[in-house]
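Structure first, then comments.
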Amino acid sequence: MALLDLIGISKAYESQKIVTQVDFSLHAYERVAIIGKNGGGKSTLMKIVHGTLEADEGRRIVQKNLKVGMLDQTPKFKENINVKEAIEEELSELKNALVRYEAILIELETAQEHDVLLREQSELATYLDIHDAWNLDEKVEQVLQEFDLKQFEYYDVNALSGGEQRRVTLAGLILKKPDILLLDEPTNHLDVYMVEFLEKMILNAKFTLLFISHDRYFIDAIATRTIEIDDEKIRSFEGGYENYLTCKEQLMLSLQKQHDTLLKYLKGEEEWLRRGVKARLKRNEGRKQRVMDLRMEAKKNPSQVRKLKLELEREKHNFNGEKIINKQKMLFEMHAINKKLGDKLLIKDFTTRILQKDCIAIVGKNGAGKSTLLKILLGQLAIDSGKLQVGDFKIGYFDQQRVMLDDNKNLIETFCPNGGDRVDVKGKNMHVYGYLKNFLFPKEDINKKIGVLSGGEKNRVALALLFTQEVDCLILDEPTNDLDIPTINILEEYIQSFAGAVIFVSHDRYFVDKMAKKLYVFKGEGIIEESYQNYSEYLDIEKEIRELEILENEEAVKASEPKSQKTKEPSALKLSYKEQKAYETLPSQIDMLEAEIKEIQRCLENPECYQKLGLTTLSHSLEEKEKALEPLIEELLSIEEKMEMIQRE
């Protein structure tokens with residue numbers, strides 16, 4: 001049964017139809033991604049689901065007492081409230097339930113009639129289980145750390161930037177865990193480490209989720225289903241972005257030639273995925289197995305852990321390209337440059353060269369200094385010390401403020417400031433409409449003022465304008481923000497065909513993996529690592545190194561600790577109520593599933609059995625049961641590990 005249904009929904013703004021007679025259902029624990037062109041109806045559909053926008057026609061049916069929470073693009077908070085209070089205010093209902101649950105435990109010790117109290121306790125336990133609310137204080141602390149809000153914990157939330165306020169709202173929402181969670185571009189203003197944390201939170205807490213995102217890795221990691229709004233209709237595809245591409249390509253092949261351009265993008269995207277991501281995953285398998293093996297041996301041989309750490313560090317900086325420094329024009333040369341802003345050291349002793357065909361991604365945590373490096377390259381900021389040499393060349397710059405656009409001009413005036421209706425692009429003279437069609441602008445938008453366009457449409461105009469310029473180097477600051485996936489595909493194609501250097505800041509892992517040939521990774525405290533590693537692979541290795549360091553430190557502490565101290569104090573660590581319940585029920589669930597799997601496997605070995613029940617049906621059933629078994633075993637092992645730690649302490 002669906003939690004929410006939209007039946008025969010239609011919506012238009014003046015003469016522009018957005019969706020016409022569409023149906024949509026959202027079931028418990030589904031995580032549905034909405035994709036489509038900017039202005040195509042993604043946010044409209046989400047607002048109709050939320051109930052804050054009424055459809056012109058059709059019905060919205062929601063199960064009784066269901067709570068739907070939505071991430072606002074422009075959050076609103078009470079006056080005189082700090083960051084921590086703003087998050088905790090969202091959790092007041094859950095905290096009251098937890099307080100009442102603990103009060104019942106005390107009451108049960110002296111009460112003569114237990115039935116009513118036990119019934120209330122059971123209802124509260126179920127409620128707290130569903131919302132994963134047994135250790136809220138720990139989770140608030142964790143989310144403050146992971147979303148880089150700890151430094152603002154006691155600041156007035158209304159004094160923060162728009163991006164920081166969105167992180168506060170997102171933190172409260174994911175901890176509150178409404179029955180249905182709606183997220184519109186949740187990864188905007190998050191760095192890759194925050195995105196990874198968000199993915200874990202969503203997957204571990206079993207959300208029912210509807211979300212809009214241009215982050216293709218995020219969609220692939222999170223979505224159980226992908227819906228596309230196109231031509232006023234909704235199409236549904238099982239799984240995430242990769243499966244959407246496969247299904248969409250098959251659909252495009254069966255349609256008319258007008259879809260050739262989109263089909264070309266889809267084929268290119270699929271080819272890159274097969275070549276890049278699959279190869280990376282295959283390479284990682286061996287390394288991850290080595291990590292797992294060494295973890296098992298760490299107690300016997302700690303030196304092996306140090307050896308693997310060194311191997312991983314070398315792999316992270318391994319150069320797998322072709323050195324052609326002498327054949328290429330040098331654009332920038334930096335030697336031991338340093339830069340501080342206030343008391344914060346952002347760049348420390350950084351030495352590098354940027355050549356005419358380099359494609360460099362500047363990545364790292366928010367606030368680490370990435371935009372500062374861009375401003376130095378653009379000549380907007382001076383270095384404090386070191387040597388910076390800049391060649392003779394032209395720069396094209398794309399910034400998030402879109403300073404090159406004038407809201408009072410229309411598209412024709414923007415692209416043809418000296419009159420006429422034609423532009424020169426890569427040596428070709430084109431009609432403005434013909435060129436803008438490549439950036440998904442319909443003919444009727446030609447006379448629209450820039451000021452009436454959406455943020456995503458303005459970004460498309462700014463990028464289209466940038467690619468009409470004759471430059472030797474493109475510098476792009478978060479170019480994929482506010483863009484839809486079709487426009488990002490266009491941007492990628494233009495970058496790949498650009499003959500000069502490209503330097504860009506981005507948190508979009510998919511975009512970085514696809515475009516960058518080199519990384520400048522801002523590590524904090526001024527340290528910048530230069531790497532030729534694929535970014536996702538770099539992040540995987542970095543994560544493994546962190547895990548090994550934790551393991552090494554734990555073993556070092558254990559080795560140095562006197563035996564008498566190890567059992568001196570009782571452990572502060574304990575199983576939560578949820579973990580205790582899981583520990584009691586998981587073994588029987590696992591035994592039952594394992595027995596069912598063995599039964600299916602026996603049937604698959606017996607022709608009489610599998611001919612009677614059907615090979616396809618049995619194979620699907622086996623796959624589903626094996627998928628269901630794995631997380632149960634992982635959960636039980638995790639609880640048993642925690643119990644071992646409790647006993648050791």
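Following the order of the structure tokens, first chain is A, next is B, and so on, with residues numbered from 1 inside each chain and ligands from 1 in the order they appear.
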
Which of stretch 102-198 of chain A end up as alpha helix (DSSP H) when DSSP is run on this backbone - answer as an MDAnalysis selection string? chainID A and resid 102:110 115:130 136:146 162:176 192:198

Can you pull out every residue within 9 Å of A:Ala205, counting only C-alpha atoms, but drop anything in the same chain fewer than 2 positions away, and send it as a PDB file with all heavy atoms, in the first residue's frame?
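In the end it all went to selection-v7.pdb:
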```pdb
ATOM      1  N   ILE A 130      11.113   3.549  14.947  1.00  0.00           N
ATOM      2  CA  ILE A 130      10.842   4.026  13.585  1.00  0.00           C
ATOM      3  C   ILE A 130      11.650   5.279  13.285  1.00  0.00           C
ATOM      4  O   ILE A 130      12.181   5.449  12.184  1.00  0.00           O
ATOM      5  CB  ILE A 130       9.325   4.298  13.396  1.00  0.00           C
ATOM      6  CG1 ILE A 130       8.553   2.972  13.344  1.00  0.00           C
ATOM      7  CG2 ILE A 130       9.056   5.107  12.135  1.00  0.00           C
ATOM      8  CD1 ILE A 130       7.054   3.117  13.440  1.00  0.00           C
ATOM      9  N   HIS A 131      11.757   6.162  14.281  1.00  0.00           N
ATOM     10  CA  HIS A 131      12.466   7.435  14.075  1.00  0.00           C
ATOM     11  C   HIS A 131      13.932   7.366  14.509  1.00  0.00           C
ATOM     12  O   HIS A 131      14.615   8.396  14.500  1.00  0.00           O
ATOM     13  CB  HIS A 131      11.735   8.566  14.813  1.00  0.00           C
ATOM     14  CG  HIS A 131      10.384   8.859  14.234  1.00  0.00           C
ATOM     15  ND1 HIS A 131      10.207   9.670  13.139  1.00  0.00           N
ATOM     16  CD2 HIS A 131       9.152   8.409  14.558  1.00  0.00           C
ATOM     17  CE1 HIS A 131       8.927   9.720  12.832  1.00  0.00           C
ATOM     18  NE2 HIS A 131       8.264   8.966  13.668  1.00  0.00           N
ATOM     19  N   ASP A 132      14.390   6.140  14.898  1.00  0.00           N
ATOM     20  CA  ASP A 132      15.803   5.928  15.243  1.00  0.00           C
ATOM     21  C   ASP A 132      16.277   6.983  16.242  1.00  0.00           C
ATOM     22  O   ASP A 132      17.295   7.651  16.051  1.00  0.00           O
ATOM     23  CB  ASP A 132      16.642   5.985  13.956  1.00  0.00           C
ATOM     24  CG  ASP A 132      17.990   5.323  14.132  1.00  0.00           C
ATOM     25  OD1 ASP A 132      18.121   4.502  15.052  1.00  0.00           O
ATOM     26  OD2 ASP A 132      18.909   5.641  13.358  1.00  0.00           O
ATOM     27  N   ILE A 174      16.905  15.381   9.003  1.00  0.00           N
ATOM     28  CA  ILE A 174      17.318  13.978   8.929  1.00  0.00           C
ATOM     29  C   ILE A 174      17.297  13.321  10.312  1.00  0.00           C
ATOM     30  O   ILE A 174      17.083  12.121  10.421  1.00  0.00           O
ATOM     31  CB  ILE A 174      18.694  13.788   8.233  1.00  0.00           C
ATOM     32  CG1 ILE A 174      19.796  14.545   8.950  1.00  0.00           C
ATOM     33  CG2 ILE A 174      18.619  14.159   6.777  1.00  0.00           C
ATOM     34  CD1 ILE A 174      21.179  14.296   8.384  1.00  0.00           C
ATOM     35  N   LYS A 177      13.522  12.663  11.148  1.00  0.00           N
ATOM     36  CA  LYS A 177      13.061  11.544  10.335  1.00  0.00           C
ATOM     37  C   LYS A 177      11.540  11.521  10.178  1.00  0.00           C
ATOM     38  O   LYS A 177      10.857  10.671  10.747  1.00  0.00           O
ATOM     39  CB  LYS A 177      13.548  10.216  10.912  1.00  0.00           C
ATOM     40  CG  LYS A 177      13.500   9.094   9.868  1.00  0.00           C
ATOM     41  CD  LYS A 177      13.811   7.755  10.462  1.00  0.00           C
ATOM     42  CE  LYS A 177      13.568   6.661   9.439  1.00  0.00           C
ATOM     43  NZ  LYS A 177      13.570   5.333  10.010  1.00  0.00           N
ATOM     44  N   LYS A 200      25.203   7.991   4.249  1.00  0.00           N
ATOM     45  CA  LYS A 200      25.183   6.974   5.311  1.00  0.00           C
ATOM     46  C   LYS A 200      23.953   7.130   6.197  1.00  0.00           C
ATOM     47  O   LYS A 200      23.298   6.150   6.555  1.00  0.00           O
ATOM     48  CB  LYS A 200      26.451   7.082   6.173  1.00  0.00           C
ATOM     49  CG  LYS A 200      27.671   6.452   5.558  1.00  0.00           C
ATOM     50  CD  LYS A 200      28.837   6.570   6.528  1.00  0.00           C
ATOM     51  CE  LYS A 200      30.125   6.061   5.892  1.00  0.00           C
ATOM     52  NZ  LYS A 200      31.296   6.329   6.744  1.00  0.00           N
ATOM     53  N   MET A 201      23.653   8.384   6.572  1.00  0.00           N
ATOM     54  CA  MET A 201      22.489   8.644   7.431  1.00  0.00           C
ATOM     55  C   MET A 201      21.210   8.150   6.764  1.00  0.00           C
ATOM     56  O   MET A 201      20.367   7.501   7.381  1.00  0.00           O
ATOM     57  CB  MET A 201      22.367  10.142   7.718  1.00  0.00           C
ATOM     58  CG  MET A 201      23.407  10.701   8.645  1.00  0.00           C
ATOM     59  SD  MET A 201      23.120  10.289  10.377  1.00  0.00           S
ATOM     60  CE  MET A 201      21.753  11.358  10.788  1.00  0.00           C
ATOM     61  N   ILE A 202      21.054   8.475   5.485  1.00  0.00           N
ATOM     62  CA  ILE A 202      19.833   8.109   4.756  1.00  0.00           C
ATOM     63  C   ILE A 202      19.716   6.592   4.615  1.00  0.00           C
ATOM     64  O   ILE A 202      18.647   6.012   4.846  1.00  0.00           O
ATOM     65  CB  ILE A 202      19.807   8.788   3.368  1.00  0.00           C
ATOM     66  CG1 ILE A 202      19.560  10.298   3.524  1.00  0.00           C
ATOM     67  CG2 ILE A 202      18.738   8.175   2.473  1.00  0.00           C
ATOM     68  CD1 ILE A 202      19.754  11.104   2.262  1.00  0.00           C
ATOM     69  N   LEU A 203      20.817   5.926   4.275  1.00  0.00           N
ATOM     70  CA  LEU A 203      20.780   4.479   4.054  1.00  0.00           C
ATOM     71  C   LEU A 203      20.607   3.703   5.359  1.00  0.00           C
ATOM     72  O   LEU A 203      19.890   2.701   5.406  1.00  0.00           O
ATOM     73  CB  LEU A 203      22.052   4.020   3.331  1.00  0.00           C
ATOM     74  CG  LEU A 203      22.194   4.521   1.881  1.00  0.00           C
ATOM     75  CD1 LEU A 203      23.571   4.173   1.338  1.00  0.00           C
ATOM     76  CD2 LEU A 203      21.111   3.944   0.988  1.00  0.00           C
ATOM     77  N   PHE A 207      14.926   5.734   5.404  1.00  0.00           N
ATOM     78  CA  PHE A 207      14.002   6.823   5.093  1.00  0.00           C
ATOM     79  C   PHE A 207      13.064   6.430   3.954  1.00  0.00           C
ATOM     80  O   PHE A 207      13.419   5.630   3.083  1.00  0.00           O
ATOM     81  CB  PHE A 207      14.778   8.064   4.641  1.00  0.00           C
ATOM     82  CG  PHE A 207      15.350   8.876   5.758  1.00  0.00           C
ATOM     83  CD1 PHE A 207      16.604   8.593   6.257  1.00  0.00           C
ATOM     84  CD2 PHE A 207      14.638   9.939   6.298  1.00  0.00           C
ATOM     85  CE1 PHE A 207      17.143   9.343   7.283  1.00  0.00           C
ATOM     86  CE2 PHE A 207      15.171  10.698   7.325  1.00  0.00           C
ATOM     87  CZ  PHE A 207      16.419  10.402   7.817  1.00  0.00           C
TER      88      PHE A 207
END
```
